[in-house]
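Pasted below: final.cif, mmCIF, C-alpha atoms.
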```cif
data_my_file
loop_
_atom_site.label_atom_id
_atom_site.label_comp_id
_atom_site.auth_asym_id
_atom_site.auth_seq_id
_atom_site.Cartn_x
_atom_site.Cartn_y
_atom_site.Cartn_z
CA MET A 1 12.93 -16.76 -7.04
CA HIS A 2 10.74 -17.51 -4.03
CA ILE A 3 9.37 -14.55 -2.09
CA ARG A 4 8.12 -15.46 1.39
CA PHE A 5 6.10 -13.08 3.49
CA TRP A 6 6.84 -13.56 7.19
CA GLY A 7 5.23 -10.31 8.35
CA THR A 8 2.80 -8.15 6.39
CA ARG A 9 1.09 -5.87 8.91
CA GLY A 10 1.80 -2.15 9.16
CA SER A 11 2.79 -0.04 12.16
CA LEU A 12 2.43 -2.64 14.91
CA PRO A 13 1.80 -6.35 15.22
CA VAL A 14 -1.75 -7.49 15.89
CA SER A 15 -3.46 -10.75 16.67
CA LEU A 16 -6.86 -12.27 16.08
CA THR A 17 -9.07 -12.10 19.15
CA ALA A 18 -11.31 -14.79 20.63
CA ALA A 19 -14.27 -12.99 19.05
CA ASP A 20 -12.57 -13.04 15.64
CA ILE A 21 -12.01 -16.80 15.84
CA LYS A 22 -15.59 -17.40 16.97
CA HIS A 23 -16.85 -15.33 14.06
CA LYS A 24 -14.81 -17.38 11.59
CA ILE A 25 -16.12 -20.65 13.04
CA VAL A 26 -19.71 -19.45 12.89
CA GLU A 27 -19.27 -18.30 9.30
CA SER A 28 -17.72 -21.66 8.39
CA LEU A 29 -20.51 -23.64 10.03
CA VAL A 30 -23.16 -21.55 8.30
CA ALA A 31 -21.42 -22.10 4.95
CA ALA A 32 -21.24 -25.85 5.66
CA ALA A 33 -24.88 -26.19 6.71
CA GLY A 34 -26.45 -29.29 5.16
CA ARG A 35 -23.10 -30.62 3.98
CA SER A 36 -21.46 -33.78 5.20
CA PHE A 37 -17.79 -34.61 5.00
CA ARG A 38 -16.92 -38.29 4.89
CA THR A 39 -13.23 -37.76 5.40
CA ARG A 40 -10.95 -35.17 6.92
CA GLN A 41 -9.66 -34.56 3.40
CA ASP A 42 -13.19 -33.68 2.22
CA ALA A 43 -13.46 -31.15 5.04
CA GLN A 44 -10.06 -29.71 4.19
CA SER A 45 -11.01 -29.41 0.54
CA PHE A 46 -14.20 -27.56 1.50
CA VAL A 47 -12.24 -25.14 3.67
CA GLU A 48 -9.64 -24.46 0.99
CA LYS A 49 -11.86 -24.29 -2.07
CA GLU A 50 -15.25 -23.08 -0.92
CA LEU A 51 -14.75 -20.78 2.02
CA PRO A 52 -13.59 -17.21 1.39
CA PHE A 53 -9.93 -16.68 2.30
CA SER A 54 -10.90 -14.16 4.99
CA VAL A 55 -12.99 -16.86 6.73
CA SER A 56 -10.74 -19.90 6.30
CA HIS A 57 -7.44 -18.08 6.84
CA THR A 58 -6.08 -14.86 8.24
CA TYR A 59 -3.82 -12.22 6.73
CA GLY A 60 -1.83 -12.40 9.94
CA GLY A 61 -0.49 -9.83 12.31
CA ASN A 62 3.30 -9.84 12.23
CA SER A 63 4.98 -6.63 11.14
CA SER A 64 7.14 -6.28 8.02
CA CYS A 65 9.57 -9.06 7.12
CA VAL A 66 9.95 -10.51 3.61
CA GLU A 67 12.42 -13.14 2.42
CA LEU A 68 13.83 -13.37 -1.11
CA ASP A 69 15.17 -16.85 -1.83
CA VAL A 70 17.13 -17.66 -4.97
CA GLY A 71 18.57 -20.88 -3.55
CA SER A 72 22.05 -19.45 -3.01
CA GLY A 73 22.33 -20.72 0.55
CA ASP A 74 22.46 -17.23 2.07
CA TYR A 75 19.30 -15.70 3.45
CA VAL A 76 18.07 -12.36 2.09
CA LEU A 77 15.46 -10.39 4.03
CA CYS A 78 13.68 -7.08 3.79
CA ASP A 79 13.08 -5.56 7.22
CA LEU A 80 13.11 -7.14 10.65
CA GLY A 81 9.59 -6.62 11.95
CA THR A 82 8.05 -9.29 14.14
CA GLY A 83 7.85 -11.58 11.11
CA ALA A 84 11.58 -12.11 11.71
CA ARG A 85 10.70 -14.28 14.72
CA PRO A 86 8.87 -17.04 12.76
CA PHE A 87 11.47 -16.66 10.01
CA GLY A 88 14.23 -17.42 12.52
CA LEU A 89 12.37 -20.44 13.84
CA HIS A 90 11.89 -21.66 10.27
CA VAL A 91 15.65 -21.40 9.71
CA LEU A 92 16.28 -23.54 12.77
CA THR A 93 14.01 -26.27 11.43
CA GLN A 94 15.92 -26.25 8.13
CA LYS A 95 19.49 -26.29 9.41
CA LYS A 96 21.50 -28.63 11.56
CA PRO A 97 22.45 -26.86 14.81
CA ALA A 98 26.15 -26.81 13.92
CA LYS A 99 25.58 -25.31 10.46
CA SER A 100 26.22 -21.59 10.33
CA SER A 101 24.51 -19.21 7.91
CA THR A 102 24.79 -15.74 6.47
CA PHE A 103 21.83 -13.39 6.54
CA HIS A 104 21.61 -10.24 4.42
CA VAL A 105 18.97 -7.82 5.67
CA PHE A 106 17.82 -4.69 3.82
CA LEU A 107 16.12 -2.11 6.01
CA SER A 108 13.48 0.24 4.66
CA HIS A 109 13.91 2.44 7.74
CA LEU A 110 14.40 2.32 11.47
CA HIS A 111 10.87 2.75 12.76
CA TRP A 112 10.03 0.31 15.48
CA ASP A 113 7.74 -1.99 13.53
CA HIS A 114 10.56 -2.66 11.04
CA ILE A 115 13.27 -3.65 13.54
CA MET A 116 11.38 -4.97 16.58
CA GLY A 117 11.67 -8.62 15.50
CA PHE A 118 15.46 -8.58 15.69
CA PRO A 119 15.75 -9.26 19.46
CA PHE A 120 13.66 -12.40 18.84
CA LEU A 121 15.61 -13.59 15.79
CA VAL A 122 17.13 -16.76 17.23
CA PRO A 123 19.96 -17.05 14.66
CA ALA A 124 21.39 -13.81 16.12
CA TYR A 125 22.14 -15.76 19.31
CA ILE A 126 23.96 -18.61 17.59
CA PRO A 127 27.75 -18.41 17.22
CA GLY A 128 29.03 -18.84 13.70
CA ASN A 129 26.11 -17.07 12.07
CA ARG A 130 26.79 -13.82 10.24
CA ILE A 131 24.15 -11.11 9.92
CA VAL A 132 24.81 -8.19 7.60
CA ILE A 133 22.34 -5.33 7.93
CA TYR A 134 22.18 -2.95 4.98
CA GLY A 135 20.46 0.41 4.83
CA CYS A 136 20.77 4.04 3.86
CA HIS A 137 20.17 5.64 7.26
CA GLU A 138 23.10 6.88 9.28
CA ALA A 139 21.87 5.62 12.65
CA ILE A 140 21.19 1.94 11.88
CA GLU A 141 23.68 0.47 14.32
CA GLN A 142 22.67 2.96 16.99
CA ALA A 143 19.00 1.99 16.59
CA PHE A 144 19.76 -1.72 16.94
CA ARG A 145 22.00 -1.22 19.97
CA LYS A 146 19.43 1.02 21.66
CA GLN A 147 16.69 -1.51 21.08
CA HIS A 148 18.71 -4.10 22.99
CA SER A 149 19.56 -1.74 25.85
CA ALA A 150 18.26 -1.78 29.41
CA PRO A 151 15.62 -1.08 30.55
CA CYS A 152 13.85 -2.03 27.30
CA PHE A 153 15.40 -5.46 26.73
CA PRO A 154 17.28 -7.83 29.03
CA VAL A 155 19.95 -9.03 26.59
CA ASP A 156 22.45 -6.38 25.55
CA PHE A 157 23.46 -6.18 21.89
CA SER A 158 27.05 -7.02 22.86
CA GLN A 159 25.90 -10.42 24.10
CA LEU A 160 24.62 -11.54 20.71
CA ALA A 161 26.72 -14.49 19.59
CA ALA A 162 26.40 -14.04 15.84
CA GLN A 163 28.77 -11.79 13.92
CA ILE A 164 26.73 -8.68 13.13
CA GLU A 165 27.79 -6.07 10.58
CA PHE A 166 26.22 -2.86 9.37
CA VAL A 167 26.67 -1.64 5.80
CA ARG A 168 25.57 1.79 4.62
CA LEU A 169 24.22 1.88 1.07
CA GLU A 170 24.01 4.83 -1.26
CA PRO A 171 20.55 5.57 -2.68
CA GLY A 172 20.30 5.44 -6.46
CA LYS A 173 23.44 3.32 -6.79
CA ARG A 174 23.45 -0.37 -7.79
CA HIS A 175 25.00 -2.64 -5.19
CA ARG A 176 25.88 -6.31 -5.63
CA VAL A 177 24.84 -8.37 -2.60
CA ALA A 178 24.29 -12.14 -2.33
CA GLY A 179 23.97 -12.47 -6.10
CA PHE A 180 21.41 -9.66 -6.37
CA GLU A 181 21.80 -6.28 -8.02
CA VAL A 182 20.18 -4.04 -5.40
CA THR A 183 19.24 -0.40 -5.94
CA PRO A 184 17.89 1.62 -3.00
CA LYS A 185 15.56 4.57 -3.55
CA LEU A 186 14.65 7.40 -1.21
CA GLN A 187 10.93 7.48 -0.35
CA MET A 188 8.64 9.98 1.38
CA HIS A 189 8.20 8.94 5.01
CA GLY A 190 8.86 10.56 8.39
CA GLY A 191 12.64 10.36 8.89
CA ASP A 192 12.92 8.98 5.32
CA SER A 193 12.50 5.43 4.11
CA TYR A 194 14.10 3.52 1.26
CA GLY A 195 12.67 1.13 -1.26
CA TYR A 196 14.81 -1.57 -2.86
CA ARG A 197 14.83 -2.89 -6.40
CA PHE A 198 16.27 -6.42 -6.46
CA GLU A 199 17.36 -7.96 -9.76
CA HIS A 200 18.50 -11.56 -10.14
CA GLY A 201 18.60 -13.89 -13.11
CA GLY A 202 16.39 -11.67 -15.24
CA LYS A 203 13.74 -11.30 -12.53
CA THR A 204 12.96 -8.13 -10.59
CA VAL A 205 11.30 -7.59 -7.23
CA VAL A 206 10.67 -4.13 -5.79
CA TYR A 207 10.16 -3.79 -2.05
CA SER A 208 8.56 -0.39 -1.49
CA THR A 209 6.92 0.06 1.87
CA ASP A 210 6.30 3.02 4.13
CA SER A 211 6.21 5.37 1.19
CA GLU A 212 3.79 8.17 0.48
CA HIS A 213 3.21 9.28 -3.10
CA LYS A 214 1.88 12.66 -4.12
CA THR A 215 1.13 11.62 -7.68
CA ASP A 216 0.44 15.16 -8.87
CA ASP A 217 4.21 15.66 -8.45
CA GLN A 218 5.15 14.61 -11.97
CA ALA A 219 8.89 14.32 -11.35
CA SER A 220 8.43 12.07 -8.33
CA THR A 221 5.85 9.93 -10.12
CA ARG A 222 8.21 9.46 -13.07
CA GLU A 223 11.01 8.45 -10.70
CA PHE A 224 8.85 5.72 -9.15
CA VAL A 225 7.60 4.54 -12.53
CA GLU A 226 11.25 4.08 -13.47
CA PHE A 227 11.98 2.37 -10.14
CA PHE A 228 9.10 -0.09 -10.69
CA ASN A 229 9.81 -0.44 -14.42
CA LYS A 230 8.67 -3.84 -15.73
CA ALA A 231 9.14 -5.43 -12.31
CA ASP A 232 7.89 -8.98 -11.94
CA LEU A 233 6.65 -8.13 -8.45
CA VAL A 234 6.08 -4.85 -6.61
CA ILE A 235 5.52 -5.15 -2.85
CA PHE A 236 3.67 -1.93 -2.12
CA ASP A 237 2.51 -0.03 0.97
CA ALA A 238 -1.28 0.12 0.55
CA MET A 239 -2.10 0.88 4.16
CA TYR A 240 -4.81 3.50 3.73
CA SER A 241 -7.51 4.51 1.29
CA LEU A 242 -6.60 7.26 -1.16
CA ALA A 243 -9.11 9.60 0.50
CA GLU A 244 -7.28 9.15 3.82
CA THR A 245 -3.83 9.75 2.34
CA VAL A 246 -4.89 13.09 0.89
CA SER A 247 -6.85 14.27 3.92
CA VAL A 248 -6.63 13.25 7.58
CA LYS A 249 -3.61 11.00 7.03
CA GLU A 250 -1.75 13.21 4.58
CA ASP A 251 2.00 13.27 5.34
CA TRP A 252 1.74 10.16 7.51
CA GLY A 253 4.07 8.53 5.00
CA HIS A 254 1.88 5.78 3.59
CA SER A 255 0.08 5.03 0.39
CA SER A 256 -3.04 3.41 -1.04
CA ASN A 257 -4.17 0.60 -3.32
CA ILE A 258 -5.19 3.17 -5.97
CA VAL A 259 -1.70 4.64 -6.23
CA GLY A 260 -0.21 1.13 -6.29
CA VAL A 261 -2.32 0.21 -9.31
CA GLU A 262 -1.54 3.47 -11.10
CA LEU A 263 2.22 3.28 -10.61
CA CYS A 264 2.36 -0.41 -11.58
CA GLN A 265 0.26 0.22 -14.69
CA LEU A 266 2.48 3.12 -15.73
CA ALA A 267 5.59 1.03 -15.04
CA GLN A 268 4.15 -2.03 -16.80
CA ALA A 269 4.90 -4.11 -13.73
CA LYS A 270 3.48 -7.63 -13.76
CA HIS A 271 2.32 -8.20 -10.21
CA LEU A 272 1.27 -5.79 -7.47
CA CYS A 273 1.26 -7.13 -3.94
CA LEU A 274 -0.63 -5.02 -1.39
CA PHE A 275 1.42 -4.85 1.79
CA HIS A 276 1.75 -3.14 5.21
CA HIS A 277 -1.91 -3.63 6.09
CA GLU A 278 -3.57 -1.18 8.46
CA PRO A 279 -3.53 -2.86 11.91
CA VAL A 280 -7.16 -2.04 12.65
CA TYR A 281 -8.34 -3.84 9.50
CA SER A 282 -10.06 -7.19 9.92
CA ASP A 283 -9.43 -10.06 7.51
CA ALA A 284 -12.75 -9.25 5.84
CA LYS A 285 -11.73 -5.62 5.37
CA ILE A 286 -8.36 -6.54 3.83
CA ALA A 287 -10.16 -8.98 1.51
CA SER A 288 -12.58 -6.25 0.45
CA VAL A 289 -9.67 -3.88 -0.30
CA LEU A 290 -8.21 -6.60 -2.52
CA GLU A 291 -11.53 -7.09 -4.32
CA GLU A 292 -11.83 -3.35 -4.93
CA THR A 293 -8.25 -3.17 -6.17
CA LEU A 294 -8.86 -6.00 -8.63
CA ARG A 295 -11.91 -4.14 -9.90
CA LEU A 296 -9.97 -0.88 -10.24
CA GLU A 297 -7.30 -2.63 -12.31
CA GLN A 298 -10.02 -4.07 -14.52
CA ILE A 299 -11.78 -0.77 -15.23
CA THR A 300 -8.59 1.25 -15.74
CA ARG A 301 -6.55 -1.33 -17.68
CA ASP A 302 -4.85 0.08 -20.74
CA GLY A 303 -2.37 -2.67 -21.54
CA PRO A 304 -1.50 -6.16 -20.32
CA PRO A 305 -3.36 -7.17 -17.15
CA LEU A 306 -1.68 -6.46 -13.83
CA ARG A 307 -1.83 -9.35 -11.39
CA ILE A 308 -2.80 -8.23 -7.88
CA SER A 309 -2.58 -10.03 -4.57
CA SER A 310 -2.74 -9.08 -0.95
CA ALA A 311 0.15 -10.23 1.22
CA TYR A 312 -0.48 -12.47 4.19
CA ASP A 313 1.86 -13.96 6.75
CA GLY A 314 3.02 -17.27 5.30
CA MET A 315 2.31 -16.40 1.67
CA GLU A 316 4.86 -17.43 -0.92
CA ILE A 317 5.12 -16.03 -4.44
CA VAL A 318 7.32 -17.65 -7.08
CA ILE A 319 8.55 -15.57 -10.00
CA MET B 1 -9.06 18.25 -20.28
CA GLN B 2 -11.20 21.35 -20.11
CA VAL B 3 -12.86 23.23 -17.27
CA SER B 4 -15.69 25.72 -17.83
CA ALA B 5 -18.12 27.46 -15.50
CA GLN B 6 -21.54 29.07 -15.48
CA ARG B 7 -23.41 30.71 -12.62
CA TYR B 8 -27.04 29.92 -11.76
CA ALA B 9 -28.28 32.07 -8.85
CA ASP B 10 -26.15 31.11 -5.81
CA VAL B 11 -24.60 28.08 -7.51
CA LEU B 12 -21.55 28.01 -9.72
CA MET B 13 -21.72 25.06 -12.13
CA VAL B 14 -18.24 23.87 -13.12
CA THR B 15 -18.04 21.36 -15.96
CA VAL B 16 -14.99 19.13 -16.30
CA ASP B 17 -14.35 17.50 -19.65
CA GLY B 18 -11.86 14.77 -20.65
CA ARG B 19 -9.34 12.78 -18.62
CA ILE B 20 -7.29 13.84 -15.59
CA ASP B 21 -4.11 11.99 -14.76
CA TYR B 22 -0.73 12.77 -13.19
CA VAL B 23 0.42 14.58 -16.32
CA ASN B 24 -2.36 17.19 -16.41
CA ALA B 25 -3.43 17.29 -12.74
CA GLU B 26 -1.54 20.52 -12.11
CA GLU B 27 -3.20 22.07 -15.14
CA PHE B 28 -6.57 20.92 -13.77
CA LYS B 29 -5.77 22.53 -10.43
CA THR B 30 -4.83 25.80 -12.10
CA ALA B 31 -8.08 25.78 -14.09
CA LEU B 32 -10.33 24.76 -11.18
CA MET B 33 -9.12 26.77 -8.20
CA PRO B 34 -10.12 30.28 -9.41
CA HIS B 35 -13.70 29.01 -9.72
CA LEU B 36 -13.54 27.79 -6.14
CA SER B 37 -12.35 31.18 -4.94
CA ASN B 38 -15.14 32.94 -6.78
CA GLY B 39 -17.89 30.38 -6.40
CA THR B 40 -17.86 29.59 -2.72
CA THR B 41 -17.41 33.05 -1.28
CA GLY B 42 -20.11 33.83 1.24
CA GLY B 43 -21.38 30.27 1.52
CA ASN B 44 -22.20 29.83 -2.15
CA GLN B 45 -21.94 26.36 -3.56
CA VAL B 46 -19.99 24.89 -6.40
CA VAL B 47 -21.44 21.98 -8.33
CA LEU B 48 -18.95 19.93 -10.33
CA ASP B 49 -20.67 18.51 -13.38
CA LEU B 50 -18.56 15.43 -14.12
CA SER B 51 -20.80 13.96 -16.82
CA ARG B 52 -18.07 14.51 -19.41
CA LEU B 53 -15.18 13.39 -17.20
CA GLU B 54 -13.95 10.06 -18.63
CA TYR B 55 -11.25 9.20 -16.09
CA ILE B 56 -9.65 10.66 -13.00
CA SER B 57 -6.46 9.40 -11.37
CA SER B 58 -5.25 9.80 -7.80
CA ALA B 59 -3.52 13.04 -8.82
CA GLY B 60 -6.84 14.51 -10.01
CA LEU B 61 -8.64 13.28 -6.90
CA ARG B 62 -6.03 15.01 -4.77
CA VAL B 63 -6.85 18.26 -6.56
CA LEU B 64 -10.52 17.70 -5.77
CA MET B 65 -9.65 17.17 -2.11
CA ILE B 66 -7.73 20.45 -2.07
CA ALA B 67 -10.70 22.14 -3.76
CA ALA B 68 -13.13 20.72 -1.20
CA ARG B 69 -10.94 22.06 1.61
CA GLU B 70 -10.84 25.47 -0.07
CA ALA B 71 -14.62 25.51 -0.36
CA LYS B 72 -15.06 24.50 3.27
CA ALA B 73 -12.67 27.23 4.42
CA LYS B 74 -14.96 29.75 2.74
CA GLN B 75 -18.06 28.19 4.31
CA GLY B 76 -19.04 26.94 0.88
CA LYS B 77 -19.57 23.43 -0.39
CA LEU B 78 -18.32 21.36 -3.31
CA ILE B 79 -20.72 18.84 -4.78
CA ALA B 80 -20.04 16.34 -7.56
CA VAL B 81 -22.81 15.26 -9.94
CA ALA B 82 -23.49 12.99 -12.91
CA LEU B 83 -20.40 10.81 -12.62
CA GLN B 84 -19.84 8.33 -15.44
CA PRO B 85 -19.85 4.71 -14.19
CA VAL B 86 -16.06 4.33 -14.30
CA VAL B 87 -15.48 7.60 -12.46
CA ARG B 88 -18.16 6.66 -9.94
CA GLU B 89 -16.35 3.39 -9.23
CA ILE B 90 -13.04 5.21 -8.83
CA PHE B 91 -14.73 7.50 -6.28
CA GLU B 92 -16.07 4.47 -4.44
CA ILE B 93 -12.80 2.51 -4.40
CA SER B 94 -10.79 5.57 -3.32
CA LYS B 95 -13.41 6.29 -0.61
CA PHE B 96 -14.01 9.75 -2.04
CA THR B 97 -17.70 8.93 -1.71
CA LEU B 98 -17.14 9.56 2.01
CA VAL B 99 -15.77 13.02 1.26
CA PHE B 100 -18.03 14.30 -1.50
CA GLN B 101 -21.76 14.57 -1.64
CA LEU B 102 -22.70 12.93 -4.95
CA PHE B 103 -25.85 13.28 -7.04
CA ASP B 104 -26.87 11.35 -10.12
CA SER B 105 -27.80 14.45 -12.11
CA VAL B 106 -27.47 18.22 -12.15
CA GLN B 107 -31.23 18.58 -11.74
CA GLU B 108 -31.31 16.34 -8.69
CA ALA B 109 -28.47 18.27 -7.06
CA LEU B 110 -29.98 21.69 -7.71
CA GLN B 111 -33.42 20.54 -6.57
CA LYS B 112 -31.82 19.58 -3.28
CA ILE B 113 -29.40 22.46 -2.68
CA SER B 114 -30.89 25.45 -4.51
CA PRO B 115 -34.29 25.48 -6.22
CA ALA B 116 -33.48 29.07 -7.23
CA ALA B 117 -30.47 27.84 -9.20
CA LEU B 118 -32.58 25.10 -10.77
CA ALA B 119 -35.16 27.68 -11.86
CA ALA B 120 -32.39 29.90 -13.25
CA MET B 121 -30.94 26.99 -15.21
CA LYS B 122 -34.35 26.02 -16.63
CA SER B 123 -35.11 29.56 -17.66
CA GLY B 124 -31.87 29.48 -19.65
#
```
Show this structure as structure tokens.
Amino acid sequence: MHIRFWGTRGSLPVSLTAADIKHKIVESLVAAAGRSFRTRQDAQSFVEKELPFSVSHTYGGNSSCVELDVGSGDYVLCDLGTGARPFGLHVLTQKKPAKSSTFHVFLSHLHWDHIMGFPFLVPAYIPGNRIVIYGCHEAIEQAFRKQHSAPCFPVDFSQLAAQIEFVRLEPGKRHRVAGFEVTPKLQMHGGDSYGYRFEHGGKTVVYSTDSEHKTDDQASTREFVEFFNKADLVIFDAMYSLAETVSVKEDWGHSSNIVGVELCQLAQAKHLCLFHHEPVYSDAKIASVLEETLRLEQITRDGPPLRISSAYDGMEIVI
Amino acid sequence: MQVSAQRYADVLMVTVDGRIDYVNAEEFKTALMPHLSNGTTGGNQVVLDLSRLEYISSAGLRVLMIAAREAKAKQGKLIAVALQPVVREIFEISKFTLVFQLFDSVQEALQKISPAALAAMKSG
């Protein structure tokens, strides 16, 4: 299974500024001082192997959108944040114009950053395509229609050429969609959110974003340990520090890297992917959160090692 | 996990022993909070001696945050001292170092916040 991250930023999309780019170039030049590169390939190798990721790349700024690809021909997505726009463009480069496709989209919730990419999802404007939007909230269709309404957007929902369907799922129940066994789970977030456990061919991915965890609540912690149980990959909302989530940002509906490590260790999950990055964080800050999380896993490990990565726009994980 | 307390002048020294995780965090809260109520009244300070704390999870840290709020509400202060290296790193990674004033030892903390308490402790 290939998991592609089209949007990884929390709350609202962000972009690198001119100053950010200048800083990266200066850092790169300083790191390259005294070096010479005979070929373009040598320079590329230096960038990829010797510069820190936060200097040579960026974590990106599109909001939540993750693709699960098992090669079935249908597309399976989690959320339709602004990452849905580059995803849609990618689809167009893959398919002949006349070829229609089916898209299955699982929504964590209806907050803006998780649906705002839909009006820019080009396949929604192409006749013959079918888009099925799954979720546990009652007002999914209403939210999508409102988002397309005047005066906020010039193209009304009724003008979309693709066939668009809405399917309400029941939390806690296993559903069979596009070859996956999918189980939604209620999470703590303003207006509720839902995580999804996807199982296919003996592999399991959990998509759990916009979810606050009060880990002193034993019953809730046990529920999430069960939800994450032995997952090959857990995509986890690690937007804030733990100190923030239990103080000034308590009840904001988000979690931390610390809680991600704890739940994955208890669940014996294999890979934790930090997701839904705080929009004010720079690339360097996100990289430092990853470093600290790796260290935490190391000093608290009481079993097999837990692999940890930090999601970035364009990242692909194969399980 | 055990919590015990001893008063030195205007400082209540609370010692925490063992490991705190999601299973015993509530028990930790029940054991700790009465000391906060007693210790911080009237601006007194509570020093948490964590030299025998082996591990603390997010659930335990949440209890400490609640305790710090309780102390502040009573115009008191909660200070953590003598953290073992692993616990110190957990404080740093969780950013609890921005919330708690930390000292390397009990003596250093008392020297700074209450020489009277330090003298009381030394006199036994």
Near chain A, meaning an atom within 9 Å, which residues of chain B appear when counting only C-alpha atoms? Write them as a list in words.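 Matching residues, ligands excluded from the count: Asp21, Tyr22, Val23, Asn24, Ala25, Glu26, Tyr55, Ser57, Ser58, Ala59, Gly60, Leu61, Arg62, Val63, Met65, Ile66, Val86, Glu89, Ile90, Glu92, Ile93, Ser94, Lys95, Phe96, Thr97, Leu98 and Val99 of chain B.
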Counting only C-alpha atoms, which residues have an atom no more than 10 Å from (-20.9, 8.9, -12.8) in the file's coordinates? Please list them as a ChimeraX atom specification. /B:49-54,80-91,102-105
Separation of atom CA of A:Tyr281 from atom CA of A:Phe5, in Å and rounded to one decimal: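 Taking atom CA of A:Tyr281 and atom CA of A:Phe5, their separation equals 18.2 Å.
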Show me the residues close to (23.5, -2.3, 9.5) - anything with an atom within 9 Å, counting all atoms listed in the file - and format the list as a PyMOL selection string. chain A and resi 105-107+131-137+139-141+144+164-168
Using all atoms listed in the file, which residue out of A:Asp79, A:Glu316, A:Asp42, A:Asp251 lies closest to A:Ile115?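 Smallest distance to A:Ile115 is found for A:Asp79.
Each of A:Ala284, A:Leu77, A:Val234, A:Ile308 was checked against A:His23 using only C-alpha atoms; the smallest atom-to-atom distance is that of A:Ala284.
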Evaluated on this file, the PyMOL selection byres ((chain A and resi 237) around 6) picks out some residues - which ones are they, written as a PyMOL selection string? chain A and resi 209-210+236+238-239+255+275-276
Do you know which residues the PyMOL selection byres ((chain A and resi 128) around 7) returns on this file, as a PyMOL selection string? chain A and resi 100+126-127+129-130+162
Could you tell me how far atom CA of A:Ser64 sits from atom CA of A:Gly10, in Å to one decimal place?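 Taking atom CA of A:Gly10 as the start and atom CA of A:Ser64 as the end point, the length is 6.8 Å.
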Fewer than 6 positions away in the same chain doesn't count, so skip those; otherwise give me all residues within 9 Å of stretch 1-16 of chain B, counting all atoms listed in the file, as a PyMOL selection string. chain B and resi 24+27-28+31-32+35-36+38-40+43-53+106+110+113-114+116-121
Picked residues, the PyMOL selection byres ((chain A and resi 202) around 12), as an MDAnalysis selection string: chainID A and resid 1 70 179:181 198:201 203:205 230:232 319
Please measure the separation of atom CA of A:Pro151 and atom CA of A:Asp113, giving the value in Å to one decimal. 18.8 Å
From the set A:Lys99, A:His277, A:His104, A:Arg197, which residue has the shortest atom-to-atom contact distance to A:Arg9, counting only C-alpha atoms? A:His277
Would you pick out the contacts of A:Trp112 at 12 Å or less, using all atoms listed in the file, so that residues sharing its chain but fewer than 2 positions from it are not included, and give the list as JSON, numbers by chain? {"A": [10, 11, 12, 13, 63, 64, 79, 80, 81, 82, 107, 108, 109, 110, 114, 115, 116, 117, 118, 119, 140, 143, 144, 146, 147]}
When you look at A:Leu306 with a cut-off of 9 Å (counting all atoms listed in the file), what residues show up, excluding the ones that are within fewer than 4 positions of it in the same chain? I need them as a PyMOL selection string. chain A and resi 261+264-265+268-272+294+297-298+301
Next, the residues of the selection above should be written as a tab-separated table (two decimals), in the coordinates of the input with C-alpha atoms.
```tsv
chain	number	residue	atom	x	y	z
A	261	VAL	CA	-2.32	0.21	-9.31
A	264	CYS	CA	2.36	-0.41	-11.58
A	265	GLN	CA	0.26	0.22	-14.69
A	268	GLN	CA	4.15	-2.03	-16.80
A	269	ALA	CA	4.90	-4.11	-13.73
A	270	LYS	CA	3.48	-7.63	-13.76
A	271	HIS	CA	2.32	-8.20	-10.21
A	272	LEU	CA	1.27	-5.79	-7.47
A	294	LEU	CA	-8.86	-6.00	-8.63
A	297	GLU	CA	-7.30	-2.63	-12.31
A	298	GLN	CA	-10.02	-4.07	-14.52
A	301	ARG	CA	-6.55	-1.33	-17.68
```
